[in-house]
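Participant: I'd like to ask you about the structure that follows.
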Amino acid sequence: MKNVERIANIALAGLTLAPLVVKVDPNLNVVLTACLTVFVGCYRSVKPTPPSNDNFPSTVSYTAVEIEFTKSQIVAAIPGTFFCAWYASKKHWLANNILGLAFCIQGIEMLSLGSFKTGAILLAGLFVYDIFWVFFTPVMVSVAKSFDAPIKLLFPTADAARPFSMLGLGDIVIPGIFVALALRFDVSRGKKGQYFKSAFLGYTVGLVLTIVVMNWFQAAQPALLYIVPSVIGFLAAHCIWNGDVKPLLAFDESKTAATSEEESDAKTTKKVE
């Protein structure tokens, strides 16, 4: 699967740079970029120890702060600093997208929902949230258009009146961490991409449907309105078909992480003995 990951990374990089040299249909660009980003983030999230869902500790320690860097992080900081400075000074769409894609991939890689039940509740809540703020108030659309920060991806168009199509980072990261959970569920069961494929297909279908409806009505659409039912629906249908509802609902990454740590400690103890 490493080769597939490399191909996806190269494809994402090429697609990001392509509008600089060739005309790329913005609708196709939106779908391919978002799907490749989710794909890359999902596979980067598969690690010996699952991502932690305990990102907000209840206690704060005021001891001396120790910061460690790897060589690769130091090397990556050089172009990272350049892109940050470039975006701050020029607000160029490419710098915006590079930073946005980095945020998306890191978010999908590092965040964990813990369980599918938690994920379904989160997606359901954001489903309602997205619909309300897009259809019933002008806030979401106006913020997306006026707030100048890498909170969205920009896709150049040939329309002078509307130079860019936009996709919010939340429409990639939020469903992406759910799709990544499906991949790690497959890995925990020793099955290669069984439910990941259905969840990823659901994300793709939902995103395509968003683009179709947006172009049909020529109006901004809450992407999660289409993505959430598609992701959950495709995954649920596949799960019901295979009779794996109970294992899927019982899956809990916090328990998986605890088991992994216990096994690691046991191996360490044996080596010491």
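Here's how to read the names in the structure tokens: chain A, B, ... by the order shown, residue numbers from 1 in each chain, ligand numbers from 1 in the order shown.
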Report as number ranges by chain: the residues of region 93-165 of chain A with a DSSP assignment of alpha helix (DSSP H), based on the backbone of this structure.
Facilitator: A: 93-110, 116-131, 139-146
Participant: What lies within 9 Å of region 32-34 of chain A using only C-alpha atoms, ignoring chain neighbours under 2 positions off, as a ChimeraX atom specification?
Facilitator: /A:11-12,15-16,27-30,36-39,101,167,171-172,204,207
Participant: Counting only C-alpha atoms, figure out which residue out of A:Tyr195, A:Thr118, A:Val40, A:Phe103 gets nearest to Ile240 (chain A).
Facilitator: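 Counting only C-alpha atoms, the residue closest to Ile240 (chain A) is A:Tyr195.
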Participant: Excluding Val134 (chain A) and any residue of its chain fewer than 2 positions from it, enumerate the residues within 12 Å of it, using only C-alpha atoms, and give them as a ChimeraX atom specification.
Facilitator: /A:126-132,136-144,219-225
Participant: Would you save the residues from that selection as a tab-separated table (two decimals), in the first residue's frame, using N, CA and C atoms?
Facilitator:
```
chain	number	residue	atom	x	y	z
A	126	LEU	N	-22.99	18.26	13.11
A	126	LEU	CA	-22.44	19.20	12.13
A	126	LEU	C	-23.28	19.24	10.86
A	127	PHE	N	-23.98	18.17	10.58
A	127	PHE	CA	-24.93	18.13	9.46
A	127	PHE	C	-26.00	19.22	9.66
A	128	VAL	N	-26.57	19.25	10.85
A	128	VAL	CA	-27.59	20.26	11.18
A	128	VAL	C	-26.97	21.66	11.22
A	129	TYR	N	-25.80	21.74	11.84
A	129	TYR	CA	-25.09	23.03	11.96
A	129	TYR	C	-24.83	23.65	10.59
A	130	ASP	N	-24.32	22.84	9.67
A	130	ASP	CA	-23.97	23.34	8.34
A	130	ASP	C	-25.21	23.82	7.59
A	131	ILE	N	-26.28	23.05	7.68
A	131	ILE	CA	-27.52	23.43	7.00
A	131	ILE	C	-28.04	24.77	7.53
A	132	PHE	N	-28.06	24.91	8.84
A	132	PHE	CA	-28.59	26.13	9.45
A	132	PHE	C	-27.80	27.37	9.03
A	136	PHE	N	-30.05	29.31	6.37
A	136	PHE	CA	-30.91	30.19	7.16
A	136	PHE	C	-30.24	31.49	7.60
A	137	THR	N	-28.95	31.60	7.41
A	137	THR	CA	-28.25	32.85	7.72
A	137	THR	C	-27.19	33.08	6.64
A	138	PRO	N	-26.78	34.32	6.43
A	138	PRO	CA	-25.72	34.60	5.45
A	138	PRO	C	-24.32	34.50	6.05
A	139	VAL	N	-24.24	34.10	7.32
A	139	VAL	CA	-22.96	34.16	8.04
A	139	VAL	C	-21.89	33.28	7.41
A	140	MET	N	-22.21	32.00	7.19
A	140	MET	CA	-21.20	31.05	6.71
A	140	MET	C	-20.63	31.47	5.36
A	141	VAL	N	-21.49	31.86	4.44
A	141	VAL	CA	-21.04	32.24	3.11
A	141	VAL	C	-20.23	33.53	3.15
A	142	SER	N	-20.70	34.50	3.92
A	142	SER	CA	-19.99	35.78	3.99
A	142	SER	C	-18.63	35.63	4.66
A	143	VAL	N	-18.56	34.80	5.69
A	143	VAL	CA	-17.27	34.57	6.35
A	143	VAL	C	-16.30	33.87	5.40
A	144	ALA	N	-16.81	32.87	4.67
A	144	ALA	CA	-15.95	32.14	3.74
A	144	ALA	C	-15.38	33.06	2.66
A	219	ALA	N	-25.91	28.35	-6.43
A	219	ALA	CA	-25.92	28.91	-5.07
A	219	ALA	C	-25.04	28.05	-4.17
A	220	ALA	N	-24.48	28.69	-3.15
A	220	ALA	CA	-23.63	27.96	-2.20
A	220	ALA	C	-24.43	26.85	-1.52
A	221	GLN	N	-23.77	25.73	-1.29
A	221	GLN	CA	-24.42	24.58	-0.67
A	221	GLN	C	-23.64	24.13	0.57
A	222	PRO	N	-24.34	23.69	1.61
A	222	PRO	CA	-23.64	23.09	2.76
A	222	PRO	C	-23.18	21.69	2.39
A	223	ALA	N	-21.89	21.54	2.18
A	223	ALA	CA	-21.37	20.26	1.68
A	223	ALA	C	-21.72	19.09	2.59
A	224	LEU	N	-21.74	19.34	3.90
A	224	LEU	CA	-22.03	18.24	4.83
A	224	LEU	C	-23.46	17.73	4.70
A	225	LEU	N	-24.33	18.53	4.10
A	225	LEU	CA	-25.71	18.08	3.85
A	225	LEU	C	-25.71	16.85	2.95
```
Participant: Pull the strand (DSSP E) assignments for region 144-219 of chain A out of DSSP run on the backbone, and list those residues as number ranges by chain.
Facilitator: A: 152-156, 164-168
Participant: Rank A:Gly14, A:Gly233, A:Pro247, A:Gly170 by their smallest atom-to-atom distance to Phe200 (chain A), using only C-alpha atoms, and report the top residue only.
Facilitator: A:Gly233
Participant: Might you pull out every residue within 12 Å of Pro156 (chain A), with only C-alpha atoms counted and same-chain residues fewer than 5 positions away left off, and present them as a PyMOL selection string?
Facilitator: chain A and resi 16-30+92-94+97+161-167
Participant: With only C-alpha atoms as the atoms that count, which of A:Ser146, A:Ser112, A:Thr70, A:Ser230 lies nearest to Leu209 (chain A)?
Facilitator: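 The answer is A:Ser230, which sits nearest to Leu209 (chain A).
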